[in-house]
Amino acid sequence: MVDVREFNESDWSAVWKILEPIFQAGKTYVFSPEITEMEAHQVWIDAPRSTFVAVDEAGTILGSYYLKPNQPGLGNHVCNCGYVVGESARGRGVASAMCEHSQTEAVARGFRSMQFNLVVSTNEGAIWLWKKLGFQVVGTLPGAFRHSEHGFVDAHVMFKQLTECE
């Protein structure tokens with residue numbers, strides 16, 4: 001069972017242990033592989049509107065996501081999220097639980113849609129999951145991501161309408 005709750009500062013050490021190897025790998029996030037813990041805290045905790053953690057029955061942190069407006073001002077009704085799942089928790093429905101939770105939170109906070117700005121084309125598992133959860137690829141950016149193993153690869157913009165347009 002996976003429960004998703006708001007991030008508490010006491011969760012940071014466990015979240016950083018998940019983020020650090022993912023960022024260092026240079027395969028799915030644009031952040032520098034040399035990102036410091038303080039810089040990571042800024043982009044994952046301080047800058048977003050909200051951050052959440054996924055925990056198991058014992059309270060062990062399995063993953064995390066942030067929720068923020070994708071753009072300021074007249075674009076702030078579209079939100080953006082980033083998700084990470086710890087290596088040992090993959091394949092257990094953690095990303096699905098967080099994505100579903102994020103959509104509910106987004107609507108509750110007044111967002112009308114959700115956009116993922118840069119889904120790396122080689123991240124086939126994420127693309128499959130986001131499509132399964134109702135997102136569509138609305139654009140492809142040729143060579144937009146510098147993958148640590150494959151060099152320049154495409155990135156997708158993915159989008160889902162959360163509420164009816166008026």
# chains A, B, ... in the order shown; residues from 1 in each chain; ligands from 1

$ select_by_dssp --residues "stretch 12-158 of chain A" --states "strand (DSSP E or B)" --output "VMD selection string"
chain A and resid 50 to 55 61 to 69 78 to 85 113 to 120 136 to 147 151 to 158

$ closest_atom_pairs --of "stretch 60-123 of chain A" --to "stretch 127-148 of chain A" --cutoff "9 Å" --atoms "only C-alpha atoms" --output "Markdown table"
| residue | atom | partner | partner_atom | distance |
| --- | --- | --- | --- | --- |
| A:Ala95 | CA | A:Leu129 | CA | 8.3 |
| A:Ser96 | CA | A:Leu129 | CA | 7.3 |
| A:Cys99 | CA | A:Leu133 | CA | 8.0 |
| A:Glu100 | CA | A:Leu133 | CA | 7.8 |
| A:Met114 | CA | A:Phe135 | CA | 8.6 |
| A:Gln115 | CA | A:Phe135 | CA | 8.5 |
| A:Leu118 | CA | A:Phe145 | CA | 8.2 |
| A:Val119 | CA | A:Ile127 | CA | 7.3 |
| A:Val120 | CA | A:Phe145 | CA | 6.8 |
| A:Ser121 | CA | A:Ile127 | CA | 7.7 |
| A:Thr122 | CA | A:Ile127 | CA | 8.8 |
| A:Asn123 | CA | A:Ile127 | CA | 6.4 |

$ closest_residue --among "A:Leu74, A:Val4, A:Ala40, A:Val85" --to "A:Glu20" --atoms "only C-alpha atoms"
A:Ala40

$ select_by_dssp --residues "stretch 43-137 of chain A" --states "helix (DSSP H, G or I)" --output "PyMOL selection string"
chain A and resi 43-46+73-75+87-89+94-108+124-132

$ closest_atom_pairs --of "stretch 95-122 of chain A" --to "stretch 50-62 of chain A" --cutoff "10 Å" --atoms "only C-alpha atoms" --output "JSON lines"
{"residue": "A:Ala95", "atom": "CA", "partner": "A:Ala54", "partner_atom": "CA", "distance": 8.8}
{"residue": "A:Ala97", "atom": "CA", "partner": "A:Ala54", "partner_atom": "CA", "distance": 8.0}
{"residue": "A:Met98", "atom": "CA", "partner": "A:Ala54", "partner_atom": "CA", "distance": 6.8}
{"residue": "A:His101", "atom": "CA", "partner": "A:Phe52", "partner_atom": "CA", "distance": 9.4}
{"residue": "A:Ser102", "atom": "CA", "partner": "A:Phe52", "partner_atom": "CA", "distance": 8.8}
{"residue": "A:Glu105", "atom": "CA", "partner": "A:Ser50", "partner_atom": "CA", "distance": 9.7}

$ closest_residue --among "A:Val30, A:Met1, A:Ala108, A:Val78" --to "A:Ala155" --atoms "only C-alpha atoms"
A:Val30

$ atom_distance --atom1 "atom CA of A:Arg49" --atom2 "atom CA of A:Tyr29"
19.1 Å

$ atom_distance --atom1 "atom CA of A:Pro48" --atom2 "atom CA of A:Cys81"
8.8 Å

$ closest_residue --among "A:Ala25, A:Ile35, A:Ile45, A:Leu67" --to "A:Asn8" --atoms "only C-alpha atoms"
A:Ile45

$ closest_residue --among "A:Tyr66, A:Leu19, A:Met38, A:Pro33" --to "A:Arg5" --atoms "only C-alpha atoms"
A:Tyr66

$ closest_residue --among "A:Thr36, A:Asn117, A:Gln71, A:Thr104" --to "A:Thr163" --atoms "only C-alpha atoms"
A:Thr104

$ residues_around --residues "A:Glu34" --least-positions-apart "2" --cutoff "10 Å" --atoms "only C-alpha atoms" --output "MDAnalysis selection string"
chainID A and resid 20 23:26 31:32 36:37 39

$ write_last_selection --atoms "all heavy atoms" --output "mmCIF file, in the first residue's frame"
data_model
loop_
_atom_site.group_PDB
_atom_site.id
_atom_site.type_symbol
_atom_site.label_atom_id
_atom_site.label_comp_id
_atom_site.auth_asym_id
_atom_site.auth_seq_id
_atom_site.Cartn_x
_atom_site.Cartn_y
_atom_site.Cartn_z
ATOM 1 N N GLU A 20 19.315 12.344 -5.437
ATOM 2 C CA GLU A 20 20.736 12.443 -5.793
ATOM 3 C C GLU A 20 21.154 11.455 -6.882
ATOM 4 O O GLU A 20 21.715 11.866 -7.899
ATOM 5 C CB GLU A 20 21.611 12.292 -4.548
ATOM 6 C CG GLU A 20 23.077 12.517 -4.844
ATOM 7 C CD GLU A 20 23.953 12.436 -3.609
ATOM 8 O OE1 GLU A 20 23.571 11.773 -2.622
ATOM 9 O OE2 GLU A 20 25.045 13.041 -3.644
ATOM 10 N N PHE A 23 19.426 12.416 -10.304
ATOM 11 C CA PHE A 23 20.015 13.602 -10.917
ATOM 12 C C PHE A 23 21.423 13.305 -11.428
ATOM 13 O O PHE A 23 21.805 13.734 -12.515
ATOM 14 C CB PHE A 23 20.036 14.774 -9.944
ATOM 15 C CG PHE A 23 18.677 15.345 -9.604
ATOM 16 C CD1 PHE A 23 18.563 16.295 -8.609
ATOM 17 C CD2 PHE A 23 17.515 14.934 -10.248
ATOM 18 C CE1 PHE A 23 17.329 16.849 -8.275
ATOM 19 C CE2 PHE A 23 16.276 15.471 -9.918
ATOM 20 C CZ PHE A 23 16.186 16.426 -8.937
ATOM 21 N N GLN A 24 22.211 12.577 -10.644
ATOM 22 C CA GLN A 24 23.585 12.250 -11.051
ATOM 23 C C GLN A 24 23.623 11.380 -12.303
ATOM 24 O O GLN A 24 24.563 11.470 -13.082
ATOM 25 C CB GLN A 24 24.327 11.546 -9.912
ATOM 26 C CG GLN A 24 24.745 12.475 -8.809
ATOM 27 C CD GLN A 24 25.468 11.751 -7.692
ATOM 28 O OE1 GLN A 24 25.457 10.534 -7.584
ATOM 29 N NE2 GLN A 24 26.118 12.533 -6.826
ATOM 30 N N ALA A 25 22.602 10.554 -12.496
ATOM 31 C CA ALA A 25 22.588 9.646 -13.649
ATOM 32 C C ALA A 25 22.467 10.389 -14.974
ATOM 33 O O ALA A 25 22.937 9.900 -16.007
ATOM 34 C CB ALA A 25 21.453 8.639 -13.512
ATOM 35 N N GLY A 26 21.825 11.554 -14.978
ATOM 36 C CA GLY A 26 21.708 12.349 -16.204
ATOM 37 C C GLY A 26 20.872 11.695 -17.287
ATOM 38 O O GLY A 26 21.136 11.878 -18.474
ATOM 39 N N PHE A 31 18.531 18.708 -14.497
ATOM 40 C CA PHE A 31 19.431 19.257 -13.488
ATOM 41 C C PHE A 31 20.837 18.692 -13.667
ATOM 42 O O PHE A 31 21.019 17.536 -14.037
ATOM 43 C CB PHE A 31 18.910 18.962 -12.081
ATOM 44 C CG PHE A 31 17.512 19.448 -11.865
ATOM 45 C CD1 PHE A 31 16.486 18.561 -11.617
ATOM 46 C CD2 PHE A 31 17.212 20.802 -11.940
ATOM 47 C CE1 PHE A 31 15.192 19.004 -11.434
ATOM 48 C CE2 PHE A 31 15.913 21.260 -11.755
ATOM 49 C CZ PHE A 31 14.903 20.359 -11.507
ATOM 50 N N SER A 32 21.824 19.513 -13.363
ATOM 51 C CA SER A 32 23.214 19.099 -13.494
ATOM 52 C C SER A 32 23.494 17.864 -12.640
ATOM 53 O O SER A 32 23.053 17.804 -11.481
ATOM 54 C CB SER A 32 24.138 20.236 -13.039
ATOM 55 O OG SER A 32 25.461 19.774 -12.917
ATOM 56 N N THR A 36 24.140 20.284 -6.090
ATOM 57 C CA THR A 36 24.401 20.123 -4.660
ATOM 58 C C THR A 36 23.099 19.828 -3.930
ATOM 59 O O THR A 36 21.997 20.063 -4.456
ATOM 60 C CB THR A 36 25.025 21.395 -4.063
ATOM 61 O OG1 THR A 36 24.041 22.449 -4.087
ATOM 62 C CG2 THR A 36 26.289 21.800 -4.806
ATOM 63 N N GLU A 37 23.228 19.360 -2.720
ATOM 64 C CA GLU A 37 22.038 19.087 -1.912
ATOM 65 C C GLU A 37 21.232 20.366 -1.700
ATOM 66 O O GLU A 37 20.001 20.357 -1.790
ATOM 67 C CB GLU A 37 22.444 18.468 -0.577
ATOM 68 C CG GLU A 37 21.255 18.097 0.286
ATOM 69 C CD GLU A 37 21.633 17.369 1.561
ATOM 70 O OE1 GLU A 37 22.822 17.057 1.776
ATOM 71 O OE2 GLU A 37 20.707 17.110 2.354
ATOM 72 N N GLU A 39 21.123 23.040 -3.674
ATOM 73 C CA GLU A 39 20.473 23.391 -4.941
ATOM 74 C C GLU A 39 19.265 22.493 -5.202
ATOM 75 O O GLU A 39 18.222 22.963 -5.673
ATOM 76 C CB GLU A 39 21.469 23.270 -6.098
ATOM 77 C CG GLU A 39 22.557 24.312 -6.074
ATOM 78 C CD GLU A 39 23.705 24.001 -7.030
ATOM 79 O OE1 GLU A 39 23.922 22.812 -7.377
ATOM 80 O OE2 GLU A 39 24.394 24.956 -7.436
#

$ atom_distance --atom1 "atom CA of A:Val2" --atom2 "atom CA of A:Arg92"
8.6 Å
